[in-house]
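Asks: Let me give you the structure first, and then I'll get to my questions.
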Amino acid sequence: MLGGVAACAFLVGLIVGARHEPSERRLATRWEQAWQRGDYGAMHAMLAPSSQARWPVVRFARAYREAAAAATLAGLDLGKPKVSGDSVRFPASARTRIFGTVGADVTLPLVDGPDGSPAVAWRPDLLFPGLRRGERLTRVTRMPARATIEARDGTPLAKGDARLSDLGPVAAEVAGRIGPASPPRAAELEGRGFPAGASVGLTGLELQFDRQLAGTPGGELKAGRRVIASSVPKPGTDVRTTIDPDVQRAAVTALAGRYGGVAAIRPSDGEILALAGIASSAPQPPGSTFKIITLTSALENKAAKLSTTYPAHSEATLSGVALQNANGETCGGTLLASFAESCNSVFAPLGVEVGAKDLVATAERFGFNQDLGIAGAARATIPMADEIGDALALGSTAIGQGKVLSTPLHLATVAAAIGEHGRRPLPTYAKGAVRARTRATTPRVARQVRRAMEAVVANGTGVAAAIPGVTVAGKTGTAELRSTVSQDPEPTDPSLKPQPDTTDTDAWFAAFAPAKRPKIAVSVLLVAQGAGGDTAAPVARAVLAAGL
């Protein structure tokens, strides 16, 4: 019996002993886990007091971050620690973005802490696998050649170190610029192995396709004077874009150096055919082009029909304030005719009748308050329904004033949605890319809005966009930059009436053609350039013609 008890006690001792983990190994395991997740504060807490005094936590963490940046560290794989006297050794493999995997054993020197438990006697050679005492981790970077940006037919839009094109300034408008990046991109570029000050894509296609064009840097990773890893720079990949040289040339030529923007897309898939000026970067009040949204919402919510008639007025009174038609003209009649003549006195009250909630919901289905998915492109915005305000604010919103903002690129997708039976394409620069389309409105409503847009060009404010033999559907916009409310009694003598100030309005035009089976959708903005029908519509006509 005594022998059996002794045997059991011996077995229990073996099991307990096998399960016991030395405190040195537990410390090393905690160190590995903290290092893998980048918790430098937890690592610092494991240092011996003398090491903590020599290396305060901020300096300690900065040293690890600088080493990780030099190596382009992507992750760590650490093996099982082994205790050996007053140290713990474990295998470490550092996965880097440009040098592959760098591996070596790491040895943690240990001393007794204040409470008798082990602590790390830290040295700088613990910053990275393979460092020796007295060595510092550095990187020599070699940049690859930047790849070529091509138009849809293969014509270079930007190539070589100088980023030149046979198309000259026509290509530069859409290709964009390269140069040193702004501070917000520093972390991203550092992770990709780009040294500070390296040239990267800043705008346009150079920014959109920066990762493909830039390639992967190479060079040498050095521990002191020793090279512990090296790699050859990998050139970027040439990018074939959706830009059509003929349409791009037409857009740049028609803009003629004026401050504004031109965007052209293919309605069926959102492929961007041309961008010029501030086509995607500087939102402006869209003026009466927003009436596409208001008309759609009114038809959807059965607030009116195209045949609904309205009395002729020169202004509408909302919240006790008179909201004028452009240049104070009198208009009315059917909703179709009022849209063709861009009648504020009809559409401002109509927006109030539709209501803020439904108007904003329709606008958001057409892409307002959403990202376009194009690098550097600004959002089109409309306030939330409960933020718009009173009837005057809602009426102003319904005619594209108030706090509504858009860009030519966004409005081109709005026009395209009407031409594509209510399906709004998402814009893309990638030729042949399959992009989902979103349902903006029903085919029935889109068909009715298209009829109204055809009337704009046939006999309304947009006749300057007409193309012989082609049915063009469009909408003009003349966005007041100061006020659309009546300030003073209007003189009865016509000779005393103030003449319109063409520098006080943004000129807009949004269109697609051919109306029933559109091949191209265009939007034009000319800042402080008068009425949309006078100045923006002819620009759109030239771009439409080039696309057709």
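So you can find residues: chains in the structure tokens are A, B, ... in the order shown, residues in each start at 1, and ligands are numbered from 1 in order.
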What's the 10 Å shell around range 466-472 of chain A, counting only C-alpha atoms, without same-chain residues fewer than 6 positions away, as a ChimeraX atom specification?

Replies: /A:450,453-459,511-518,521,537-538,540-542,544-545,548

Asks: Excluding Thr203 in chain A and any residue of its chain fewer than 2 positions from it, enumerate the residues within 6 Å of it, using only C-alpha atoms, and give them as a VMD selection string.

Replies: chain A and resid 176 to 177 206 to 207

Asks: The selected residues should be written to file as a compact mmCIF listing (two decimals), in the first residue's frame (atoms: C-alpha atoms).

Replies:
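So result08.txt came out as:
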```txt
# COMPACT_ATOMS: atom_id res chain seq x y z
CA GLY A 176 -3.39 64.80 -63.45
CA ARG A 177 -0.17 65.58 -61.63
CA GLU A 206 -2.27 59.59 -61.72
CA LEU A 207 -4.01 59.45 -58.33
```

Asks: So, counting only C-alpha atoms, which residue among A:Leu350, A:Val434, A:Ala378, A:Leu73 is closest to Ile278 in chain A?

Replies: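 That would be A:Ala378, the residue with the smallest distance to Ile278 in chain A.
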
Asks: Residues of range 176-290 of chain A that have any atom at most 12 Å from an atom of range 390-396 of chain A: could you tabulate them with the shortest-distance atom pair and the distance in Å to one decimal, using only C-alpha atoms, ordered by chain and increasing number, as JSON lines?

Replies:
```
{"residue": "A:Pro285", "atom": "CA", "partner": "A:Ser396", "partner_atom": "CA", "distance": 10.8}
{"residue": "A:Pro286", "atom": "CA", "partner": "A:Ser396", "partner_atom": "CA", "distance": 11.4}
{"residue": "A:Gly287", "atom": "CA", "partner": "A:Ser396", "partner_atom": "CA", "distance": 9.2}
{"residue": "A:Ser288", "atom": "CA", "partner": "A:Ser396", "partner_atom": "CA", "distance": 10.1}
{"residue": "A:Phe290", "atom": "CA", "partner": "A:Ser396", "partner_atom": "CA", "distance": 10.5}
```

Asks: I'd like the contact shell of range 356-370 of chain A - 10 Å cut-off, only C-alpha atoms, skipping same-chain residues fewer than 4 positions apart - returned as a ChimeraX atom specification.

Replies: /A:290,292-298,300-301,351-352,378-391,393-395,397-398,404-406,410-411,413-415,417-418,422-426,438-441

Asks: Apply DSSP to the backbone of this structure and, from range 82-298 of chain A, keep only the residues in alpha helix (DSSP H); write these as a PyMOL selection string.

Replies: chain A and resi 169-175+186-191+204-208+210-214+245-255+291-298

Asks: Write out as a ChimeraX atom specification which residues come within 7 Å of range 337-345 of chain A when counting only C-alpha atoms, dropping same-chain ones fewer than 3 positions away.

Replies: /A:288,313-316,324-325,331-334,348-349,399,452,455-456,460-461

Asks: For those residues, write C-alpha atoms to a file as a short mmCIF file (atom, residue, chain, number, x, y, z; two decimals), in the first residue's frame.

Replies:
```cif
data_model
loop_
_atom_site.label_atom_id
_atom_site.label_comp_id
_atom_site.auth_asym_id
_atom_site.auth_seq_id
_atom_site.Cartn_x
_atom_site.Cartn_y
_atom_site.Cartn_z
CA SER A 288 -32.21 74.34 -62.52
CA HIS A 313 -46.31 84.12 -62.91
CA SER A 314 -42.99 85.90 -62.68
CA GLU A 315 -42.35 84.76 -59.12
CA ALA A 316 -43.62 82.49 -56.34
CA GLN A 324 -38.19 85.07 -58.88
CA ASN A 325 -37.92 83.43 -62.25
CA CYS A 331 -43.93 81.53 -67.34
CA GLY A 332 -46.36 78.73 -66.59
CA GLY A 333 -48.67 76.37 -68.47
CA THR A 334 -48.25 72.58 -68.35
CA ALA A 348 -40.27 75.98 -56.19
CA PRO A 349 -43.87 75.47 -54.91
CA ILE A 399 -34.64 74.65 -57.97
CA ALA A 452 -39.45 66.75 -70.66
CA ALA A 455 -38.61 69.47 -74.89
CA VAL A 456 -35.88 71.59 -73.26
CA GLY A 460 -37.10 75.41 -74.46
CA THR A 461 -34.09 76.97 -72.80
#
```

Asks: Skip range 87-93 of chain A itself and residues of its chain fewer than 3 positions away, then list as an mmCIF file with C-alpha atoms, in the first residue's frame all residues within 10 Å of it, counting only C-alpha atoms.

Replies:
```
data_model
loop_
_atom_site.group_PDB
_atom_site.id
_atom_site.type_symbol
_atom_site.label_atom_id
_atom_site.label_comp_id
_atom_site.auth_asym_id
_atom_site.auth_seq_id
_atom_site.Cartn_x
_atom_site.Cartn_y
_atom_site.Cartn_z
ATOM 1 C CA GLU A 24 11.269 33.322 -18.091
ATOM 2 C CA ARG A 25 9.344 31.530 -20.827
ATOM 3 C CA LEU A 27 7.743 36.551 -20.019
ATOM 4 C CA ALA A 28 9.082 35.734 -23.498
ATOM 5 C CA THR A 29 5.636 34.584 -24.642
ATOM 6 C CA GLU A 32 6.188 37.966 -28.452
ATOM 7 C CA GLY A 75 3.988 41.366 -39.846
ATOM 8 C CA LEU A 76 5.961 39.118 -37.502
ATOM 9 C CA ASP A 77 6.055 35.336 -37.113
ATOM 10 C CA LEU A 78 7.657 34.352 -33.802
ATOM 11 C CA GLY A 79 8.521 30.817 -32.682
ATOM 12 C CA LYS A 80 8.535 28.999 -29.349
ATOM 13 C CA PRO A 81 10.915 30.565 -26.796
ATOM 14 C CA LYS A 82 13.698 28.494 -25.217
ATOM 15 C CA VAL A 83 15.217 29.389 -21.840
ATOM 16 C CA SER A 84 18.992 29.271 -21.667
ATOM 17 C CA THR A 96 8.330 42.998 -45.210
ATOM 18 C CA THR A 101 10.897 37.647 -45.238
ATOM 19 C CA VAL A 102 13.902 38.422 -43.030
ATOM 20 C CA GLY A 103 14.522 35.832 -40.315
ATOM 21 C CA ALA A 104 16.918 35.353 -37.407
ATOM 22 C CA ASP A 105 16.922 34.277 -33.769
ATOM 23 C CA VAL A 106 16.196 36.948 -31.188
ATOM 24 C CA THR A 107 17.689 36.632 -27.704
ATOM 25 C CA LEU A 108 16.110 38.482 -24.778
ATOM 26 C CA PRO A 109 18.681 39.126 -22.010
ATOM 27 C CA LEU A 110 17.009 38.791 -18.603
ATOM 28 C CA VAL A 111 17.702 40.137 -15.141
ATOM 29 C CA PRO A 118 12.495 38.175 -14.577
ATOM 30 C CA VAL A 120 14.164 42.306 -19.984
ATOM 31 C CA ALA A 121 17.527 44.056 -20.002
ATOM 32 C CA PHE A 128 14.589 43.790 -35.549
ATOM 33 C CA PRO A 129 15.622 40.193 -36.267
ATOM 34 C CA GLY A 130 19.267 39.941 -37.341
#
```

Asks: What lies within 7 Å of Ala375 in chain A using only C-alpha atoms, ignoring chain neighbours under 2 positions off, as a count of residues only?

Replies: 4
